[in-house]
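Here is start_20.pdb, consisting of PDB, C-alpha atoms:
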ATOM      1  CA  MET A   1       0.000   0.000   0.000
ATOM      2  CA  LYS A   2       1.711   3.201   1.073
ATOM      3  CA  LYS A   3       5.455   3.049   1.571
ATOM      4  CA  ALA A   4       8.447   5.166   2.540
ATOM      5  CA  THR A   5       8.019   8.895   2.942
ATOM      6  CA  PHE A   6      10.778   9.838   0.515
ATOM      7  CA  LEU A   7       8.949   8.184  -2.348
ATOM      8  CA  LEU A   8       5.986  10.518  -2.597
ATOM      9  CA  ALA A   9       5.256   9.373  -6.114
ATOM     10  CA  ALA A  10       4.628   5.820  -5.001
ATOM     11  CA  LEU A  11       1.637   6.968  -3.019
ATOM     12  CA  LEU A  12      -0.164   7.273  -6.321
ATOM     13  CA  LEU A  13       0.298   3.753  -7.444
ATOM     14  CA  SER A  14      -1.624   1.954  -4.808
ATOM     15  CA  ALA A  15      -3.546   4.474  -2.799
ATOM     16  CA  ALA A  16      -4.230   7.894  -4.259
ATOM     17  CA  SER A  17      -7.384   7.003  -6.139
ATOM     18  CA  VAL A  18      -9.816   9.777  -6.981
ATOM     19  CA  PHE A  19     -11.980  10.449  -3.935
ATOM     20  CA  ALA A  20     -15.686  10.330  -4.761
ATOM     21  CA  GLN A  21     -18.003  12.847  -3.149
ATOM     22  CA  GLY A  22     -20.179  12.256  -0.110
ATOM     23  CA  GLU A  23     -20.168   9.383   2.341
ATOM     24  CA  PHE A  24     -17.799   7.212   0.336
ATOM     25  CA  SER A  25     -15.212   9.991   0.348
ATOM     26  CA  LYS A  26     -15.485  10.397   4.100
ATOM     27  CA  LEU A  27     -15.247   6.679   4.891
ATOM     28  CA  ASN A  28     -12.445   6.171   2.386
ATOM     29  CA  ARG A  29     -10.371   8.910   4.007
ATOM     30  CA  GLN A  30     -11.061   7.505   7.468
ATOM     31  CA  ALA A  31      -9.974   4.054   6.304
ATOM     32  CA  SER A  32      -6.780   5.505   4.867
ATOM     33  CA  ASP A  33      -6.088   7.443   8.062
ATOM     34  CA  ALA A  34      -6.635   4.317  10.155
ATOM     35  CA  TYR A  35      -4.181   2.433   7.955
ATOM     36  CA  ASN A  36      -1.565   5.166   8.437
ATOM     37  CA  ALA A  37      -2.111   4.953  12.193
ATOM     38  CA  LYS A  38      -1.544   1.164  11.936
ATOM     39  CA  ASN A  39      -5.120   0.486  13.040
ATOM     40  CA  TYR A  40      -5.475  -2.092  10.322
ATOM     41  CA  ARG A  41      -8.668  -3.821  11.457
ATOM     42  CA  THR A  42     -10.421  -0.487  11.853
ATOM     43  CA  SER A  43      -9.196   0.471   8.401
ATOM     44  CA  GLY A  44     -10.555  -2.734   6.904
ATOM     45  CA  GLU A  45     -13.904  -2.288   8.606
ATOM     46  CA  LEU A  46     -14.170   1.273   7.303
ATOM     47  CA  TYR A  47     -13.470   0.057   3.777
ATOM     48  CA  ASP A  48     -16.173  -2.590   4.250
ATOM     49  CA  GLN A  49     -18.587   0.104   5.354
ATOM     50  CA  ALA A  50     -17.657   2.405   2.485
ATOM     51  CA  PHE A  51     -18.231  -0.260  -0.139
ATOM     52  CA  LYS A  52     -21.485  -1.410   1.442
ATOM     53  CA  GLN A  53     -23.163   1.931   2.130
ATOM     54  CA  SER A  54     -22.040   4.123  -0.715
ATOM     55  CA  LYS A  55     -23.459   4.340  -4.214
ATOM     56  CA  ALA A  56     -20.102   5.614  -5.465
ATOM     57  CA  GLN A  57     -18.117   3.270  -7.707
ATOM     58  CA  PRO A  58     -14.952   2.066  -5.919
ATOM     59  CA  THR A  59     -11.799   1.833  -7.998
ATOM     60  CA  ASN A  60      -9.467  -1.149  -8.220
ATOM     61  CA  SER A  61      -7.098   0.821  -5.952
ATOM     62  CA  ASP A  62      -9.811   1.090  -3.284
ATOM     63  CA  PHE A  63     -10.296  -2.687  -3.306
ATOM     64  CA  TYR A  64      -6.540  -3.252  -3.284
ATOM     65  CA  ASN A  65      -6.076  -0.947  -0.290
ATOM     66  CA  ALA A  66      -8.802  -2.811   1.575
ATOM     67  CA  ALA A  67      -6.978  -6.065   0.858
ATOM     68  CA  CYS A  68      -3.781  -4.606   2.307
ATOM     69  CA  SER A  69      -5.551  -3.486   5.481
ATOM     70  CA  TRP A  70      -7.177  -6.861   6.036
ATOM     71  CA  ALA A  71      -3.937  -8.728   5.301
ATOM     72  CA  LEU A  72      -2.156  -6.667   7.951
ATOM     73  CA  ALA A  73      -5.093  -7.198  10.318
ATOM     74  CA  GLY A  74      -4.617 -10.950   9.973
ATOM     75  CA  ASP A  75      -7.833 -11.699   8.077
ATOM     76  CA  ALA A  76      -6.647 -13.586   4.997
ATOM     77  CA  ASN A  77     -10.175 -14.416   3.874
ATOM     78  CA  LYS A  78     -11.150 -10.777   3.488
ATOM     79  CA  ALA A  79      -7.776  -9.894   2.004
ATOM     80  CA  PHE A  80      -8.188 -12.465  -0.771
ATOM     81  CA  GLN A  81     -11.789 -11.401  -1.354
ATOM     82  CA  TYR A  82     -10.689  -7.834  -1.965
ATOM     83  CA  LEU A  83      -7.736  -8.863  -4.108
ATOM     84  CA  ASP A  84     -10.218 -10.743  -6.270
ATOM     85  CA  ARG A  85     -12.447  -7.653  -6.497
ATOM     86  CA  ALA A  86      -9.423  -5.520  -7.373
ATOM     87  CA  THR A  87      -8.569  -7.960 -10.168
ATOM     88  CA  LEU A  88     -12.118  -7.889 -11.540
ATOM     89  CA  ALA A  89     -12.120  -4.080 -11.357
ATOM     90  CA  GLY A  90      -9.008  -3.863 -13.540
ATOM     91  CA  TRP A  91      -5.991  -3.868 -11.203
ATOM     92  CA  GLU A  92      -2.990  -4.463 -13.465
ATOM     93  CA  ASN A  93       0.103  -3.924 -11.310
ATOM     94  CA  VAL A  94       1.244  -7.522 -10.861
ATOM     95  CA  ALA A  95       4.772  -6.479  -9.884
ATOM     96  CA  HIS A  96       3.470  -4.376  -7.000
ATOM     97  CA  VAL A  97       1.329  -7.226  -5.685
ATOM     98  CA  LYS A  98       4.379  -9.486  -5.619
ATOM     99  CA  GLN A  99       6.573  -6.882  -3.900
ATOM    100  CA  ASP A 100       4.101  -5.289  -1.496
ATOM    101  CA  THR A 101       5.117  -6.211   2.054
ATOM    102  CA  ASP A 102       1.581  -5.498   3.247
ATOM    103  CA  LEU A 103       0.666  -8.820   1.649
ATOM    104  CA  THR A 104       3.640 -10.852   2.898
ATOM    105  CA  ALA A 105       1.507 -12.813   5.375
ATOM    106  CA  LEU A 106      -0.542 -14.136   2.461
ATOM    107  CA  HIS A 107       2.391 -15.665   0.598
ATOM    108  CA  THR A 108       2.246 -18.997   2.438
ATOM    109  CA  ASP A 109      -1.519 -19.311   2.008
ATOM    110  CA  LYS A 110      -2.596 -21.910  -0.556
ATOM    111  CA  ARG A 111      -4.717 -19.228  -2.241
ATOM    112  CA  TRP A 112      -1.747 -16.973  -3.005
ATOM    113  CA  GLN A 113      -0.510 -18.641  -6.176
ATOM    114  CA  PRO A 114      -3.989 -19.182  -7.663
ATOM    115  CA  MET A 115      -4.724 -15.506  -6.994
ATOM    116  CA  LEU A 116      -1.559 -14.476  -8.831
ATOM    117  CA  THR A 117      -2.364 -16.838 -11.706
ATOM    118  CA  LYS A 118      -5.839 -15.328 -12.071
ATOM    119  CA  LEU A 119      -4.467 -11.791 -11.861
ATOM    120  CA  GLU A 120      -1.795 -12.497 -14.470
ATOM    121  CA  ALA A 121      -4.355 -14.090 -16.806
ATOM    122  CA  THR A 122      -6.718 -11.132 -16.415
ATOM    123  CA  VAL A 123      -3.906  -8.659 -17.037
ATOM    124  CA  ALA A 124      -2.795 -10.648 -20.080
ATOM    125  CA  LYS A 125      -6.253 -10.130 -21.600
ATOM    126  CA  LEU A 126      -6.101  -6.405 -20.828
ATOM    127  CA  GLU A 127      -2.679  -6.212 -22.457
ATOM    128  CA  ALA A 128      -3.615  -8.129 -25.621
ATOM    129  CA  GLY A 129      -3.425  -4.990 -27.744
ATOM    130  CA  TYR A 130      -0.384  -3.480 -26.035
ATOM    131  CA  ASN A 131       3.064  -2.991 -27.484
ATOM    132  CA  LYS A 132       4.305  -6.029 -25.601
ATOM    133  CA  PRO A 133       8.083  -5.509 -25.900
ATOM    134  CA  LEU A 134       7.683  -1.930 -24.682
ATOM    135  CA  LYS A 135       5.316  -2.953 -21.875
ATOM    136  CA  GLN A 136       7.691  -5.693 -20.740
ATOM    137  CA  GLN A 137      10.572  -3.233 -20.702
ATOM    138  CA  LEU A 138       8.565  -0.814 -18.565
ATOM    139  CA  ASP A 139       7.459  -3.607 -16.220
ATOM    140  CA  SER A 140      11.118  -4.498 -15.684
ATOM    141  CA  ILE A 141      11.968  -0.849 -15.039
ATOM    142  CA  TYR A 142       9.138  -0.540 -12.520
ATOM    143  CA  ALA A 143      10.277  -3.643 -10.633
ATOM    144  CA  ALA A 144      13.828  -2.269 -10.464
ATOM    145  CA  ASP A 145      12.621   1.181  -9.410
ATOM    146  CA  GLN A 146      10.529  -0.170  -6.556
ATOM    147  CA  GLY A 147      12.780  -3.052  -5.517
ATOM    148  CA  GLY A 148      15.187  -1.009  -3.429
ATOM    149  CA  ARG A 149      12.509   1.347  -2.165
ATOM    150  CA  GLN A 150      10.539  -1.555  -0.769
ATOM    151  CA  LYS A 151      13.498  -2.238   1.543
ATOM    152  CA  TYR A 152      13.625   1.292   2.947
ATOM    153  CA  GLU A 153      11.171   0.976   5.813
ATOM    154  CA  GLU A 154      12.576  -2.327   7.051
ATOM    155  CA  ILE A 155      16.198  -1.138   6.962
ATOM    156  CA  GLU A 156      15.323   2.157   8.664
ATOM    157  CA  LYS A 157      13.507   0.326  11.440
ATOM    158  CA  LYS A 158      16.241  -2.282  11.906
ATOM    159  CA  TYR A 159      19.399  -0.214  11.453
ATOM    160  CA  GLY A 160      18.396   3.465  11.495
ATOM    161  CA  ALA A 161      18.194   6.219   8.893
ATOM    162  CA  GLU A 162      21.887   7.124   9.224
ATOM    163  CA  SER A 163      23.235   3.561   9.270
ATOM    164  CA  GLU A 164      25.798   2.016   6.957
ATOM    165  CA  GLN A 165      23.059  -0.280   5.662
ATOM    166  CA  MET A 166      20.888   2.698   4.760
ATOM    167  CA  ARG A 167      23.745   4.445   2.976
ATOM    168  CA  ALA A 168      24.330   1.258   0.988
ATOM    169  CA  LEU A 169      20.643   1.149   0.046
ATOM    170  CA  TRP A 170      20.713   4.766  -1.126
ATOM    171  CA  LYS A 171      23.770   3.989  -3.249
ATOM    172  CA  GLU A 172      21.997   0.972  -4.726
ATOM    173  CA  MET A 173      18.891   3.030  -5.539
ATOM    174  CA  GLU A 174      20.919   5.816  -7.118
ATOM    175  CA  ALA A 175      22.646   3.332  -9.418
ATOM    176  CA  THR A 176      19.314   1.727 -10.331
ATOM    177  CA  ASP A 177      17.700   5.110 -10.971
ATOM    178  CA  ALA A 178      20.562   6.082 -13.278
ATOM    179  CA  ARG A 179      20.158   2.887 -15.321
ATOM    180  CA  ASN A 180      16.398   3.297 -15.500
ATOM    181  CA  LEU A 181      16.666   6.965 -16.467
ATOM    182  CA  LYS A 182      18.958   6.133 -19.371
ATOM    183  CA  LYS A 183      16.402   3.633 -20.697
ATOM    184  CA  VAL A 184      13.385   5.888 -20.226
ATOM    185  CA  THR A 185      14.928   9.029 -21.711
ATOM    186  CA  ALA A 186      16.024   6.992 -24.741
ATOM    187  CA  LEU A 187      12.406   5.836 -25.081
ATOM    188  CA  LEU A 188      11.022   9.353 -24.744
ATOM    189  CA  ASP A 189      13.493  10.826 -27.211
ATOM    190  CA  ALA A 190      12.825   8.165 -29.838
ATOM    191  CA  HIS A 191       9.164   7.380 -29.249
ATOM    192  CA  GLY A 192       7.596  10.165 -27.201
ATOM    193  CA  TRP A 193       5.497   9.583 -24.088
ATOM    194  CA  PRO A 194       3.751   6.221 -24.580
ATOM    195  CA  THR A 195      -0.025   6.030 -24.659
ATOM    196  CA  ARG A 196      -2.250   3.902 -22.455
ATOM    197  CA  LYS A 197      -3.284   1.934 -25.525
ATOM    198  CA  GLU A 198       0.358   0.962 -25.954
ATOM    199  CA  VAL A 199       1.449   0.250 -22.366
ATOM    200  CA  GLY A 200      -1.558   0.695 -20.047
ATOM    201  CA  LYS A 201      -1.884   2.838 -16.950
ATOM    202  CA  MET A 202       1.046   1.225 -15.137
ATOM    203  CA  GLY A 203       3.371   1.611 -18.087
ATOM    204  CA  ASN A 204       2.547   5.311 -18.108
ATOM    205  CA  GLU A 205       3.044   5.644 -14.365
ATOM    206  CA  THR A 206       6.410   3.884 -14.658
ATOM    207  CA  VAL A 207       7.682   6.539 -17.059
ATOM    208  CA  PHE A 208       6.435   9.165 -14.625
ATOM    209  CA  LEU A 209       8.173   7.508 -11.662
ATOM    210  CA  VAL A 210      11.545   7.436 -13.394
ATOM    211  CA  ILE A 211      11.297  11.094 -14.421
ATOM    212  CA  GLN A 212      10.094  11.995 -10.908
ATOM    213  CA  HIS A 213      13.241  10.387  -9.493
ATOM    214  CA  SER A 214      15.561  12.214 -11.885
ATOM    215  CA  ASP A 215      17.386  15.547 -11.660
ATOM    216  CA  LEU A 216      16.088  19.052 -12.323
ATOM    217  CA  PRO A 217      17.348  19.428 -15.933
ATOM    218  CA  THR A 218      15.747  16.112 -16.882
ATOM    219  CA  MET A 219      12.442  17.039 -15.265
ATOM    220  CA  GLU A 220      12.442  20.418 -17.013
ATOM    221  CA  LYS A 221      13.119  18.763 -20.364
ATOM    222  CA  TYR A 222      10.336  16.188 -20.173
ATOM    223  CA  PHE A 223       7.706  18.079 -18.160
ATOM    224  CA  PRO A 224       6.030  19.512 -21.300
ATOM    225  CA  MET A 225       5.780  15.970 -22.665
ATOM    226  CA  ALA A 226       4.210  14.806 -19.401
ATOM    227  CA  LYS A 227       1.713  17.666 -19.592
ATOM    228  CA  GLN A 228       0.674  16.623 -23.088
ATOM    229  CA  ALA A 229       0.267  13.019 -21.903
ATOM    230  CA  MET A 230      -1.947  14.199 -19.039
ATOM    231  CA  GLU A 231      -4.051  16.414 -21.309
ATOM    232  CA  ARG A 232      -4.775  13.561 -23.711
ATOM    233  CA  GLY A 233      -5.646  11.227 -20.825
ATOM    234  CA  ASP A 234      -2.617   8.951 -20.867
ATOM    235  CA  LEU A 235      -0.922  10.166 -17.665
ATOM    236  CA  SER A 236      -3.110  10.487 -14.580
ATOM    237  CA  LYS A 237      -3.795  13.971 -13.249
ATOM    238  CA  SER A 238      -2.501  12.931  -9.830
ATOM    239  CA  ALA A 239       0.843  11.837 -11.250
ATOM    240  CA  TYR A 240       1.147  15.061 -13.201
ATOM    241  CA  ALA A 241       0.401  17.048 -10.036
ATOM    242  CA  LEU A 242       3.228  15.361  -8.147
ATOM    243  CA  LEU A 243       5.647  15.916 -10.998
ATOM    244  CA  GLN A 244       4.714  19.588 -11.226
ATOM    245  CA  ASP A 245       5.160  20.055  -7.483
ATOM    246  CA  ARG A 246       8.544  18.322  -7.481
ATOM    247  CA  LEU A 247       9.727  20.451 -10.382
ATOM    248  CA  LEU A 248       8.585  23.678  -8.729
ATOM    249  CA  MET A 249      10.211  22.724  -5.438
ATOM    250  CA  TRP A 250      13.556  22.061  -7.105
ATOM    251  CA  GLN A 251      13.260  25.365  -8.948
ATOM    252  CA  GLY A 252      12.909  27.079  -5.573
ATOM    253  CA  LYS A 253       9.283  28.048  -6.206
ATOM    254  CA  PRO A 254       6.118  27.353  -4.150
ATOM    255  CA  GLN A 255       4.355  24.120  -5.068
ATOM    256  CA  VAL A 256       0.747  24.023  -6.254
ATOM    257  CA  TYR A 257      -0.733  20.856  -4.747
ATOM    258  CA  GLY A 258       1.200  20.338  -1.510
ATOM    259  CA  SER A 259       2.570  16.906  -2.404
ATOM    260  CA  GLN A 260       6.212  17.597  -1.566
ATOM    261  CA  LEU A 261       7.764  17.534   1.890
ATOM    262  CA  ARG A 262      11.324  18.229   2.960
ATOM    263  CA  ASN A 263      13.285  17.817   6.138
ATOM    264  CA  ASP A 264      13.217  21.085   8.082
ATOM    265  CA  PRO A 265      16.821  21.706   9.231
ATOM    266  CA  LYS A 266      15.558  23.792  12.157
ATOM    267  CA  THR A 267      13.376  21.052  13.621
ATOM    268  CA  ASN A 268      14.884  18.000  11.854
ATOM    269  CA  LYS A 269      11.308  16.954  11.044
ATOM    270  CA  MET A 270       9.327  16.589   7.845
ATOM    271  CA  ALA A 271       7.513  19.744   6.717
ATOM    272  CA  PHE A 272       5.688  20.858   3.605
ATOM    273  CA  HIS A 273       7.598  22.826   1.035
ATOM    274  CA  ALA A 274       5.979  26.260   0.560
ATOM    275  CA  ILE A 275       2.519  26.046  -1.024
ATOM    276  CA  GLU A 276       1.090  28.691  -3.327
ATOM    277  CA  ASP A 277      -2.292  30.066  -2.156
ATOM    278  CA  GLU A 278      -2.312  27.443   0.590
ATOM    279  CA  ALA A 279      -5.816  28.261   1.808
ATOM    280  CA  HIS A 280      -7.261  26.889  -1.458
ATOM    281  CA  VAL A 281      -4.906  23.931  -1.918
ATOM    282  CA  ASP A 282      -7.592  21.315  -1.228
ATOM    283  CA  GLU A 283      -9.698  22.648  -4.079
ATOM    284  CA  ARG A 284      -6.795  22.205  -6.461
ATOM    285  CA  ARG A 285      -5.989  18.778  -5.027
ATOM    286  CA  ALA A 286      -9.568  17.596  -5.495
ATOM    287  CA  ALA A 287      -9.471  18.674  -9.138
ATOM    288  CA  MET A 288      -6.445  16.415  -9.657
ATOM    289  CA  GLY A 289      -7.873  13.401  -7.830
ATOM    290  CA  LEU A 290      -5.904  13.924  -4.623
ATOM    291  CA  GLU A 291      -7.182  13.569  -1.067
ATOM    292  CA  PRO A 292      -7.379  16.577   1.312
ATOM    293  CA  LEU A 293      -3.987  17.747   2.496
ATOM    294  CA  ALA A 294      -4.754  17.019   6.168
ATOM    295  CA  SER A 295      -5.292  13.330   5.353
ATOM    296  CA  TYR A 296      -2.169  13.264   3.193
ATOM    297  CA  ALA A 297      -0.160  14.859   6.011
ATOM    298  CA  LYS A 298      -1.099  12.061   8.400
ATOM    299  CA  ARG A 299       0.897   9.642   6.249
ATOM    300  CA  PHE A 300       3.976  11.512   7.458
ATOM    301  CA  GLY A 301       2.937  11.857  11.075
ATOM    302  CA  LEU A 302       1.910  15.485  10.662
ATOM    303  CA  ASP A 303      -1.118  17.188  12.194
ATOM    304  CA  TYR A 304      -1.941  19.684   9.464
ATOM    305  CA  LYS A 305      -4.665  22.320   9.297
ATOM    306  CA  LEU A 306      -5.454  24.541   6.366
ATOM    307  CA  PRO A 307      -4.876  28.262   6.951
ATOM    308  CA  ALA A 308      -7.980  30.437   7.080
ATOM    309  CA  LYS A 309      -9.281  31.664   3.729
TER     310      LYS A 309
END
Using the file provided, produce a representation of the structure as structure tokens.
Amino acid sequence: MKKATFLLAALLLSAASVFAQGEFSKLNRQASDAYNAKNYRTSGELYDQAFKQSKAQPTNSDFYNAACSWALAGDANKAFQYLDRATLAGWENVAHVKQDTDLTALHTDKRWQPMLTKLEATVAKLEAGYNKPLKQQLDSIYAADQGGRQKYEEIEKKYGAESEQMRALWKEMEATDARNLKKVTALLDAHGWPTRKEVGKMGNETVFLVIQHSDLPTMEKYFPMAKQAMERGDLSKSAYALLQDRLLMWQGKPQVYGSQLRNDPKTNKMAFHAIEDEAHVDERRAAMGLEPLASYAKRFGLDYKLPAK
């Protein structure tokens, strides 16, 4: 589900689904907040309630998040039920399912492999018209991108953020990012930003992730291409919002959507980079399919309140 704080972009891939209006929105946010507070059973129950009571249409990400909460709560039956619903609703990120430590407890269950087989078969049907060599390349890049980052939380907890093990992990990730960036920029220069018809939603998000993890000159070069992909519906609005915020932050300008946090040297704690017109940030976030900033802040242990309008 949601992983290390330094990888803000990854929050999109499994959790930042567009929040529907009304009761579903409220319950969905509460479920997400409960997950972040490690109240996994409460989170699962809130997802149950949201899906049962609301007339809103849950996304595959909503079902997947519910599966993660129930897996961590120790209820494998409900976890597999929601993984099945996520599959039927169009979840296509097989690599994330295999890597997600939220689901580790399910790996020894006899239903794990059949679930993966069904998911892979369903995804294969979805990908029938894709550019398969390109999609396979992007799947490999995604797995490499996330592989090291999946280790972050465990290493930080076991050895500490300033440990030799953590420095080694950062070095590993930097080398992986450099290799991935070389492949993705070659693709973009020769082919342009791929469409969803060619590589699907995850293929698009993979290109975004690699650019998001790059340096300022690279982001400036490919941001216009990302904007075009978003405008034609290939790149999600939420991914575009994170990329725009990261670019603005590195340019020393206020961000628009409040997605980027930095370590405050004065307090040595996480804090939001400056936000333009902060009082209206939630309106802009909602337009891009992002949850309210107060809920987002809780992922990082922050108690945030919007300034008065």
Could you state which residues are captured by the PyMOL selection byres ((chain A and resi 135-145) around 6) in this file, as JSON, numbers by chain? {"A": [132, 133, 134, 146, 147, 199, 203, 206]}
I'd like the residues picked by the PyMOL selection byres ((chain A and resi 155) around 12) written out as a VMD selection string, using the chain letters and numbers from the file. chain A and resid 4 148 to 154 156 to 170
Residue by residue, what does the PyMOL selection byres ((chain A and resi 93) around 12) grab here? Present the result as an NGL selection string. :A and (1 or 13-14 or 60-61 or 64 or 83 or 86-87 or 90-92 or 94-100 or 116 or 119-120 or 122-124 or 126-127 or 135 or 138-140 or 142-143 or 199-206)
Selected residue, from A:His273, A:Lys221, A:Arg285, A:His191, that lies nearest to Lys237 of chain A when counting all atoms listed in the file: A:Arg285
Between atom CA of Ala239 of chain A and atom CA of Asp48 of chain A, what is the distance, to one decimal in Å? 27.2 Å
Surrounding residues of Gln255 of chain A excluding itself and chain neighbours under 5 positions, 6 Å, all atoms listed in the file, as a ChimeraX atom specification: /A:245,248,275-276
Gap from atom CA of Leu243 of chain A to atom CA of Ala34 of chain A - Å, one decimal: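 If I compute the distance from atom CA of Leu243 of chain A to atom CA of Ala34 of chain A, I get 27.1 Å.
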Which of these, A:Tyr240, A:Tyr257, A:Phe51, A:Tyr304, has the shortest distance to Met270 of chain A once you count all atoms listed in the file?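 Of all the options, A:Tyr304 lies closest to Met270 of chain A.
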Using all atoms listed in the file, find the one residue out of A:Gln49, A:Asn263, A:Asn180, A:Gln113 that sits nearest to His213 of chain A.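 Between A:Gln49, A:Asn263, A:Asn180, A:Gln113, the residue approaching His213 of chain A most closely is A:Asn180.
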Please reconstruct the missing atoms of segment 96-108 of chain A (target: N, CA, C and O atoms) and return them as a compact mmCIF listing (two decimals), keeping the file's coordinate frame.
# COMPACT_ATOMS: atom_id res chain seq x y z
N HIS A 96 3.68 -4.96 -8.32
CA HIS A 96 3.47 -4.38 -7.00
C HIS A 96 2.86 -5.39 -6.05
O HIS A 96 3.24 -5.45 -4.87
N VAL A 97 1.93 -6.19 -6.53
CA VAL A 97 1.33 -7.23 -5.68
C VAL A 97 2.40 -8.18 -5.16
O VAL A 97 2.41 -8.55 -3.99
N LYS A 98 3.32 -8.55 -6.01
CA LYS A 98 4.38 -9.49 -5.62
C LYS A 98 5.36 -8.87 -4.64
O LYS A 98 5.92 -9.56 -3.78
N GLN A 99 5.57 -7.55 -4.73
CA GLN A 99 6.57 -6.88 -3.90
C GLN A 99 6.00 -6.28 -2.63
O GLN A 99 6.74 -6.04 -1.67
N ASP A 100 4.71 -6.04 -2.60
CA ASP A 100 4.10 -5.29 -1.50
C ASP A 100 4.19 -6.07 -0.19
O ASP A 100 3.58 -7.13 -0.03
N THR A 101 4.94 -5.53 0.78
CA THR A 101 5.12 -6.21 2.05
C THR A 101 3.84 -6.24 2.89
O THR A 101 3.75 -7.01 3.84
N ASP A 102 2.86 -5.42 2.55
CA ASP A 102 1.58 -5.50 3.25
C ASP A 102 0.95 -6.88 3.08
O ASP A 102 0.17 -7.32 3.92
N LEU A 103 1.29 -7.54 1.98
CA LEU A 103 0.67 -8.82 1.65
C LEU A 103 1.55 -10.02 1.98
O LEU A 103 1.21 -11.15 1.67
N THR A 104 2.68 -9.77 2.63
CA THR A 104 3.64 -10.85 2.90
C THR A 104 3.01 -12.02 3.64
O THR A 104 3.31 -13.19 3.35
N ALA A 105 2.12 -11.74 4.58
CA ALA A 105 1.51 -12.81 5.38
C ALA A 105 0.66 -13.75 4.52
O ALA A 105 0.37 -14.88 4.94
N LEU A 106 0.29 -13.30 3.33
CA LEU A 106 -0.54 -14.14 2.46
C LEU A 106 0.28 -15.10 1.60
O LEU A 106 -0.29 -16.03 1.01
N HIS A 107 1.57 -14.90 1.53
CA HIS A 107 2.39 -15.66 0.60
C HIS A 107 2.40 -17.17 0.87
O HIS A 107 2.56 -17.96 -0.05
N THR A 108 2.23 -17.56 2.11
CA THR A 108 2.25 -19.00 2.44
C THR A 108 0.85 -19.62 2.38
O THR A 108 0.71 -20.83 2.56
